[in-house]
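One file, upload23.txt, carrying compact mmCIF, C-alpha atoms and all ligand atoms:
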# COMPACT_ATOMS: atom_id res chain seq x y z
CA MET N 28 0.00 0.00 0.00
CA LYS N 29 1.21 3.47 -0.91
CA THR N 30 0.49 5.68 2.04
CA LYS N 31 3.60 7.68 2.83
CA SER N 32 2.65 11.33 2.40
CA THR N 33 5.32 14.00 2.04
CA ASN N 34 3.21 17.11 1.41
CA TYR N 35 -0.45 18.16 1.49
CA ILE N 36 -2.93 21.06 1.19
CA ASN N 37 -6.51 21.44 2.44
CA LEU N 38 -8.87 23.98 0.88
CA GLU N 39 -12.43 24.82 1.88
CA PHE N 40 -14.69 26.87 -0.37
CA LEU N 41 -18.34 27.70 -1.05
CA SER N 42 -20.20 25.94 -3.87
CA ARG N 43 -20.23 28.95 -6.18
CA SER N 44 -19.46 28.30 -9.83
CA ALA N 45 -16.81 31.05 -9.80
CA ASN N 46 -14.75 28.72 -7.57
CA GLU N 47 -14.43 26.03 -10.27
CA ALA N 48 -11.49 27.85 -11.87
CA PHE N 49 -9.96 28.53 -8.46
CA ALA N 50 -10.07 24.86 -7.43
CA ARG N 51 -8.55 23.44 -10.62
CA GLY N 52 -5.94 26.21 -10.65
CA ALA N 53 -4.97 25.47 -7.05
CA ALA N 54 -4.73 21.73 -7.79
CA ALA N 55 -2.50 22.44 -10.79
CA CYS N 56 -0.25 24.74 -8.74
CA PHE N 57 0.13 22.05 -6.05
CA ALA N 58 0.84 19.40 -8.70
CA ALA N 59 3.57 21.57 -10.25
CA GLN N 60 6.09 20.39 -7.63
CA LEU N 61 6.03 16.95 -9.32
CA ASP N 62 7.23 18.58 -12.56
CA PRO N 63 4.32 17.34 -14.71
CA THR N 64 4.10 17.83 -18.48
CA LEU N 65 1.55 20.33 -19.82
CA GLU N 66 -0.61 17.40 -20.87
CA GLU N 67 -0.49 15.87 -17.37
CA LEU N 68 -1.42 19.26 -15.87
CA GLY N 69 -4.32 19.52 -18.32
CA ASP N 70 -5.57 16.07 -17.28
CA ILE N 71 -5.41 16.97 -13.57
CA LYS N 72 -7.21 20.30 -14.09
CA THR N 73 -9.91 18.60 -16.13
CA ALA N 74 -10.52 15.83 -13.57
CA VAL N 75 -10.65 18.34 -10.68
CA SER N 76 -13.02 20.57 -12.62
CA GLU N 77 -15.36 17.61 -13.16
CA ALA N 78 -15.45 16.61 -9.49
CA VAL N 79 -15.84 20.20 -8.21
CA THR N 80 -18.54 21.01 -10.78
CA ASN N 81 -20.45 17.90 -9.68
CA ALA N 82 -20.37 19.08 -6.08
CA ILE N 83 -21.59 22.54 -7.13
CA VAL N 84 -24.28 21.35 -9.56
CA HIS N 85 -25.53 18.06 -8.10
CA ALA N 86 -24.68 18.04 -4.39
CA TYR N 87 -26.20 21.44 -3.65
CA PRO N 88 -28.75 21.99 -6.45
CA ASP N 89 -30.81 24.70 -4.76
CA SER N 90 -28.47 26.03 -2.10
CA LEU N 91 -24.86 26.90 -1.34
CA GLY N 92 -22.76 24.47 0.65
CA LYS N 93 -19.29 23.59 1.78
CA ILE N 94 -16.75 21.87 -0.47
CA VAL N 95 -13.34 20.69 0.74
CA MET N 96 -10.51 19.81 -1.62
CA LYS N 97 -7.47 17.99 -0.27
CA ALA N 98 -4.38 17.18 -2.24
CA ARG N 99 -1.33 15.24 -1.16
CA ILE N 100 1.80 13.67 -2.54
CA LEU N 101 2.19 9.96 -1.84
CA ASP N 102 5.48 8.09 -2.14
CA GLY N 103 7.16 11.03 -3.83
CA ASP N 104 5.45 10.83 -7.23
CA VAL N 105 1.72 10.11 -6.78
CA LEU N 106 -0.75 12.98 -6.61
CA GLU N 107 -3.93 12.21 -4.68
CA ILE N 108 -6.85 14.65 -4.79
CA THR N 109 -10.01 14.33 -2.70
CA ILE N 110 -13.12 16.44 -3.23
CA ARG N 111 -15.75 16.20 -0.53
CA ASP N 112 -19.23 17.69 -0.17
CA TRP N 113 -21.99 17.37 2.43
CA GLY N 114 -24.86 17.56 -0.08
CA ARG N 115 -27.55 15.31 -1.47
CA GLY N 116 -25.43 12.24 -2.07
CA ILE N 117 -25.65 9.63 -4.84
CA PRO N 118 -28.21 6.80 -4.35
CA ASP N 119 -26.48 4.37 -6.75
CA VAL N 120 -22.80 5.11 -7.37
CA ASP N 121 -22.24 2.31 -9.91
CA LYS N 122 -25.11 3.62 -12.01
CA ALA N 123 -23.95 7.23 -11.70
CA ARG N 124 -20.48 6.26 -12.96
CA GLN N 125 -21.87 4.83 -16.23
CA PRO N 126 -21.11 6.96 -19.31
CA LEU N 127 -24.05 9.19 -20.35
CA TYR N 128 -25.89 8.71 -17.03
CA THR N 129 -27.06 12.12 -15.83
CA THR N 130 -29.75 13.66 -13.66
CA GLY N 131 -28.70 17.08 -14.92
CA GLY N 132 -30.88 17.42 -18.02
CA GLU N 133 -29.85 19.22 -21.21
CA GLU N 134 -27.07 21.21 -19.59
CA ARG N 135 -25.05 18.13 -18.59
CA SER N 136 -23.81 15.24 -20.68
CA GLY N 137 -23.21 12.47 -18.13
CA MET N 138 -19.51 12.20 -18.99
CA GLY N 139 -17.88 13.66 -15.85
CA PHE N 140 -17.03 10.40 -14.07
CA THR N 141 -15.91 8.82 -17.36
CA ILE N 142 -13.50 11.72 -17.91
CA MET N 143 -12.16 11.53 -14.32
CA GLU N 144 -11.63 7.79 -14.77
CA SER N 145 -9.79 8.03 -18.05
CA PHE N 146 -7.70 11.11 -17.16
CA MET N 147 -6.52 9.76 -13.78
CA ASP N 148 -5.02 6.39 -12.78
CA ALA N 149 -7.61 5.59 -10.10
CA LEU N 150 -11.01 6.93 -9.04
CA THR N 151 -12.90 6.07 -5.85
CA VAL N 152 -16.39 7.40 -5.13
CA ARG N 153 -18.03 7.06 -1.72
CA SER N 154 -21.44 8.52 -1.15
CA GLY N 155 -24.40 8.33 1.19
CA GLU N 156 -27.87 9.67 0.42
CA GLY N 157 -28.35 12.90 2.33
CA LYS N 158 -24.83 12.68 3.71
CA GLY N 159 -22.62 13.79 0.86
CA THR N 160 -19.99 12.49 -1.51
CA ARG N 161 -16.24 11.94 -1.44
CA VAL N 162 -14.35 11.55 -4.71
CA THR N 163 -10.71 10.45 -4.52
CA MET N 164 -8.44 10.44 -7.56
CA ARG N 165 -4.83 9.41 -7.98
CA ARG N 166 -2.36 10.08 -10.74
CA ARG N 167 1.27 9.10 -10.84
CA ILE N 168 3.51 11.74 -12.38
CA VAL N 169 6.38 9.91 -14.00
CA PRO N 170 9.65 11.67 -13.19
CA ARG N 171 11.00 13.24 -16.38
CA ARG N 172 14.43 14.38 -15.39
CA VAL N 173 17.20 11.85 -15.32
CA SER N 174 18.94 12.51 -12.04
CA ARG N 175 22.73 12.79 -11.99
CA MET H 21 -14.75 33.30 -21.46
CA GLU H 22 -15.40 35.50 -24.47
CA MET H 23 -17.58 34.86 -27.50
CA LYS H 24 -17.36 36.67 -30.83
CA TYR H 25 -19.22 35.97 -34.03
CA LYS H 26 -19.51 37.00 -37.63
CA SER H 27 -22.21 36.11 -40.14
CA GLU H 28 -21.67 36.14 -43.91
CA ASN H 29 -23.97 34.63 -46.54
CA ARG H 30 -25.76 32.68 -43.79
CA GLN H 31 -22.52 31.12 -42.64
CA LEU H 32 -22.00 31.88 -38.97
CA THR H 33 -18.58 31.73 -37.34
CA ILE H 34 -18.53 31.69 -33.52
CA THR H 35 -15.13 32.14 -31.88
CA LEU H 36 -14.57 31.25 -28.22
CA THR H 37 -11.65 32.37 -26.08
CA GLY H 38 -10.76 31.64 -22.44
CA GLU H 39 -11.94 28.83 -20.18
CA LEU H 40 -15.15 26.93 -20.96
CA ASP H 41 -16.43 25.41 -17.72
CA HIS H 42 -19.85 25.21 -16.02
CA HIS H 43 -19.45 28.79 -14.78
CA ALA H 44 -19.01 30.06 -18.35
CA ALA H 45 -21.36 27.62 -20.09
CA LYS H 46 -24.55 28.98 -18.57
CA GLY H 47 -24.33 32.34 -20.32
CA LEU H 48 -22.63 30.97 -23.40
CA MET H 49 -25.45 28.58 -24.32
CA GLU H 50 -27.96 31.44 -24.24
CA ALA H 51 -25.67 33.68 -26.27
CA ILE H 52 -25.21 31.01 -28.96
CA ASP H 53 -28.98 30.35 -29.09
CA ARG H 54 -29.67 34.05 -29.56
CA CYS H 55 -26.97 34.40 -32.19
CA MET H 56 -28.38 31.52 -34.24
CA GLU H 57 -31.95 32.82 -33.96
CA GLN H 58 -30.90 36.24 -35.22
CA ASN H 59 -28.72 35.05 -38.08
CA LEU H 60 -30.51 31.83 -39.15
CA PRO H 61 -27.32 30.25 -40.49
CA VAL H 62 -27.26 27.25 -42.83
CA LYS H 63 -23.79 26.45 -41.55
CA THR H 64 -22.06 27.29 -38.26
CA LEU H 65 -18.36 27.04 -37.61
CA LEU H 66 -17.61 26.82 -33.89
CA ASP H 67 -13.98 27.91 -33.51
CA LEU H 68 -12.43 26.67 -30.26
CA GLY H 69 -8.89 27.83 -31.13
CA GLY H 70 -8.78 30.38 -28.29
CA LEU H 71 -9.87 28.02 -25.51
CA THR H 72 -7.26 27.57 -22.78
CA PHE H 73 -9.43 25.02 -20.92
CA MET H 74 -12.60 23.02 -21.49
CA ASP H 75 -14.37 20.38 -19.37
CA SER H 76 -17.55 18.34 -19.86
CA SER H 77 -19.60 21.54 -19.72
CA GLY H 78 -18.26 22.16 -23.23
CA ILE H 79 -19.68 18.85 -24.45
CA ALA H 80 -23.19 20.04 -23.60
CA VAL H 81 -22.51 23.36 -25.35
CA VAL H 82 -21.40 21.61 -28.56
CA LEU H 83 -24.31 19.14 -28.50
CA ARG H 84 -26.82 21.91 -27.94
CA ALA H 85 -25.37 23.97 -30.79
CA LYS H 86 -25.62 20.90 -33.01
CA ARG H 87 -29.28 20.36 -32.10
CA ARG H 88 -30.06 24.02 -32.81
CA MET H 89 -28.43 23.77 -36.23
CA GLU H 90 -30.36 20.59 -36.98
CA ALA H 91 -33.58 22.41 -36.09
CA LEU H 92 -32.59 25.04 -38.69
CA ALA H 93 -31.82 22.22 -41.18
CA GLY H 94 -28.20 23.38 -41.10
CA ALA H 95 -24.83 21.97 -40.15
CA LEU H 96 -22.36 22.50 -37.31
CA VAL H 97 -18.62 22.07 -37.69
CA VAL H 98 -16.24 22.42 -34.73
CA VAL H 99 -12.82 23.73 -35.79
CA ASN H 100 -9.37 24.54 -34.33
CA ILE H 101 -9.79 22.31 -31.29
CA PRO H 102 -6.92 22.65 -28.79
CA ARG H 103 -5.31 19.45 -27.53
CA GLN H 104 -6.86 19.45 -24.03
CA ALA H 105 -10.37 20.14 -25.36
CA ALA H 106 -9.90 17.44 -28.01
CA ARG H 107 -9.10 14.89 -25.31
CA VAL H 108 -12.36 15.76 -23.53
CA LEU H 109 -14.45 15.58 -26.72
CA GLU H 110 -12.85 12.30 -27.80
CA THR H 111 -13.28 10.69 -24.37
CA ALA H 112 -16.98 11.53 -24.66
CA GLY H 113 -17.07 9.92 -28.13
CA LEU H 114 -18.31 13.17 -29.65
CA ASP H 115 -16.32 12.57 -32.83
CA ARG H 116 -19.08 10.11 -33.75
CA TYR H 117 -21.85 12.72 -33.68
CA VAL H 118 -20.23 16.03 -34.55
CA ASP H 119 -17.81 17.14 -37.29
CA LEU H 120 -14.62 17.93 -35.40
CA ILE H 121 -11.82 19.42 -37.48
N1 LIG Z 1 -21.20 15.28 -5.72
C1 LIG Z 1 -22.37 14.75 -6.17
N2 LIG Z 1 -23.48 14.82 -5.41
C2 LIG Z 1 -24.66 14.29 -5.85
N3 LIG Z 1 -24.81 13.66 -7.04
C3 LIG Z 1 -23.73 13.56 -7.84
C4 LIG Z 1 -22.46 14.08 -7.45
N4 LIG Z 1 -21.57 13.80 -8.45
C5 LIG Z 1 -22.26 13.14 -9.39
N5 LIG Z 1 -23.56 12.98 -9.05
C6 LIG Z 1 -24.59 12.24 -9.83
O1 LIG Z 1 -23.94 11.42 -10.78
C7 LIG Z 1 -24.38 11.74 -12.11
C8 LIG Z 1 -23.24 11.53 -13.08
O2 LIG Z 1 -22.19 12.46 -12.88
P1 LIG Z 1 -21.23 12.85 -14.11
O3 LIG Z 1 -20.28 13.88 -13.67
O4 LIG Z 1 -20.68 11.60 -14.71
O5 LIG Z 1 -22.25 13.45 -15.20
P2 LIG Z 1 -23.02 14.85 -15.14
O6 LIG Z 1 -22.46 15.74 -14.11
O7 LIG Z 1 -24.48 14.56 -15.05
O8 LIG Z 1 -22.71 15.46 -16.60
P3 LIG Z 1 -21.29 16.13 -17.03
O9 LIG Z 1 -20.30 15.87 -15.95
O10 LIG Z 1 -20.94 15.45 -18.32
O11 LIG Z 1 -21.58 17.56 -17.23
C9 LIG Z 1 -24.91 13.15 -12.01
O12 LIG Z 1 -25.85 13.46 -13.02
C10 LIG Z 1 -25.54 13.16 -10.61
O13 LIG Z 1 -26.80 12.56 -10.62
MG MG Z 2 -20.43 16.06 -13.95

Could you rewrite the structure in this file as structure tokens?
Ligand SMILES: Nc1ncnc2c1ncn2[C@@H]1O[C@H](COP(=O)(O)OP(=O)(O)OP(=O)(O)O)[C@@H](O)[C@H]1O
Ligand SMILES: [Mg+2]
Amino acid sequence: MKTKSTNYINLEFLSRSANEAFARGAAACFAAQLDPTLEELGDIKTAVSEAVTNAIVHAYPDSLGKIVMKARILDGDVLEITIRDWGRGIPDVDKARQPLYTTGGEERSGMGFTIMESFMDALTVRSGEGKGTRVTMRRRIVPRRVSR
Amino acid sequence: MEMKYKSENRQLTITLTGELDHHAAKGLMEAIDRCMEQNLPVKTLLDLGGLTFMDSSGIAVVLRAKRRMEALAGALVVVNIPRQAARVLETAGLDRYVDLI
């Protein structure tokens, strides 16, 4: 098990859509210490944007609520990002993770979880109805520089 | 997020710059709807060349624009797609439904 953490950040913010750019930007800035490629940074920003947008759109549909994003470095080269909300929750996580599944109508496409899954190495979703949702994603950033 | 457009001989070109996320998509969808209603294009080019970021909110924008063009019996072509946006559109399998150039 990879659990040795060498650095972390915790961020709490309100579920306003203006914070989507803030959250993905902060995640990218934290990830920068692993010296990712532009493409890897793009993948991380996209996955974070999906998870944070879900919390804003689906967890708190008619209100504003608390979102916490945590990021940490595991074993020197793995970025782990957790996005947590205390909103409505997901009744059936397996169903929600299917491509094209959406409760969001015309404005959503049901591809968020599929994008998180394919842009990151691992995706875990834990949710309880009325309790909230925790999305954890991991991505290994392969060291580019040859040391010595 | 900024949107510009020009209409010539019922060909509409819509150019997007900046970051296309859920925050930007809300207003953008309405602006594109209005633009199409006013100009009644037979063909729309959606130029994504100036996008510095796009997430799944952009998929819904493209699909909606396509439906609007179909309602006008016209065509939608998405052009100049940056690499990051292309990855999102391809992951969603949009290349099967929309002309992406
Ligand atoms: N944090 C959350 N709280 C409550 N429900 C959620 C949450 N995240 C996802 N869901 C549920 O899971 C469904 C699928 O999410 P997913 O991100 O894959 O698609 P979407 O958000 O509907 O569309 P897209 O992400 O393509 O815009 C959502 O429609 C919603 O019902
Ligand atoms: Mg989503």

- Message: Can you tell me which residues surround Tyr117 (chain H) at a distance of at most 10 Å, considering all atoms listed in the file, apart from same-chain residues fewer than 3 positions away, and format the answer as a VMD selection string?
- Response: chain H and resid 83 86 113 to 114 120

- Write as a PyMOL selection string the residues around ligand LIG 1 (chain Z), taking 9 Å as the cut-off and counting only C-alpha atoms and all ligand atoms. (chain N and resi 77-88+110-120+122-132+134-143+152+154+156+159-162) or (chain H and resi 42+75-80+112)

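The interatomic distance for the pair CA of Ala45 (chain N) and CA of Arg84 (chain H) works out to 22.6 Å.
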
- Pick out the residues sitting within 9 Å of Phe40 (chain N), and hand them over as a PyMOL selection string; count all atoms listed in the file, and ignore anything fewer than 4 positions along from it in its own chain. chain N and resi 46+50+92-96

Set the distance at 6 Å and use only C-alpha atoms: which residues neighbour region 100-108 of chain H once local chain neighbours fewer than 4 positions away are removed? I'd like the list as a CSV table (one decimal) with C-alpha atoms, in the coordinates of the input.
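Wrote part21.csv, looks like this:
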chain,number,residue,atom,x,y,z
H,67,ASP,CA,-14.0,27.9,-33.5
H,68,LEU,CA,-12.4,26.7,-30.3
H,69,GLY,CA,-8.9,27.8,-31.1
H,74,MET,CA,-12.6,23.0,-21.5

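Closest approach to chain H from the set N:Asp121, N:Glu107, N:Glu67, N:Asp102 is made by N:Glu67, with distances taken over all atoms listed in the file.
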
- Compare N:Glu39, N:Thr64, N:Phe57, N:Phe146 by their minimum atom-to-atom distance to chain H, counting all atoms listed in the file, and give me the closest one. N:Phe146

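Distance check against ligand MG 2 (chain Z) using only C-alpha atoms and all ligand atoms: of N:Ala58, N:Met164, N:Ala53, N:Thr73, the minimum falls on N:Thr73.
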
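For the residues H:Ile34, H:Val118, H:Met23, H:Leu66, ranking by smallest atom-to-atom distance to Arg87 (chain H) using all atoms listed in the file places H:Val118 first.
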
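Minimum atom-to-atom distances from H:Glu22, H:Asp115, H:Asp41, H:Asp53 to chain N were compared using all atoms listed in the file, and the lowest value belongs to H:Asp41.
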
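Atom pair CA of Glu39 (chain H) / CA of Ile121 (chain H): separated by 19.7 Å.
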
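In this model, the gap between CA of Asp119 (chain H) and CA of Thr64 (chain H) comes to 11.0 Å.
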
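Distances from N:Ala98, N:Thr163, N:Ala74, N:Ile108 to ligand MG 2 (chain Z) were compared using all atoms listed in the file, and the smallest one belongs to N:Ala74.
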
For region 111-118 of chain N, I'd like the enclosing box, axis-aligned and padded by 4 Å on every side, reported as AutoDock Vina command-line options with centre and edge lengths in Å to one decimal.
--center_x -22.0 --center_y 12.2 --center_z -1.2 --size_x 20.5 --size_y 18.9 --size_z 15.3

- Message: Quick one: residues within 10 Å of Gln60 (chain N), only C-alpha atoms, excluding same-chain residues fewer than 5 positions away - as a ChimeraX atom specification?
- Response: /N:55,100,104
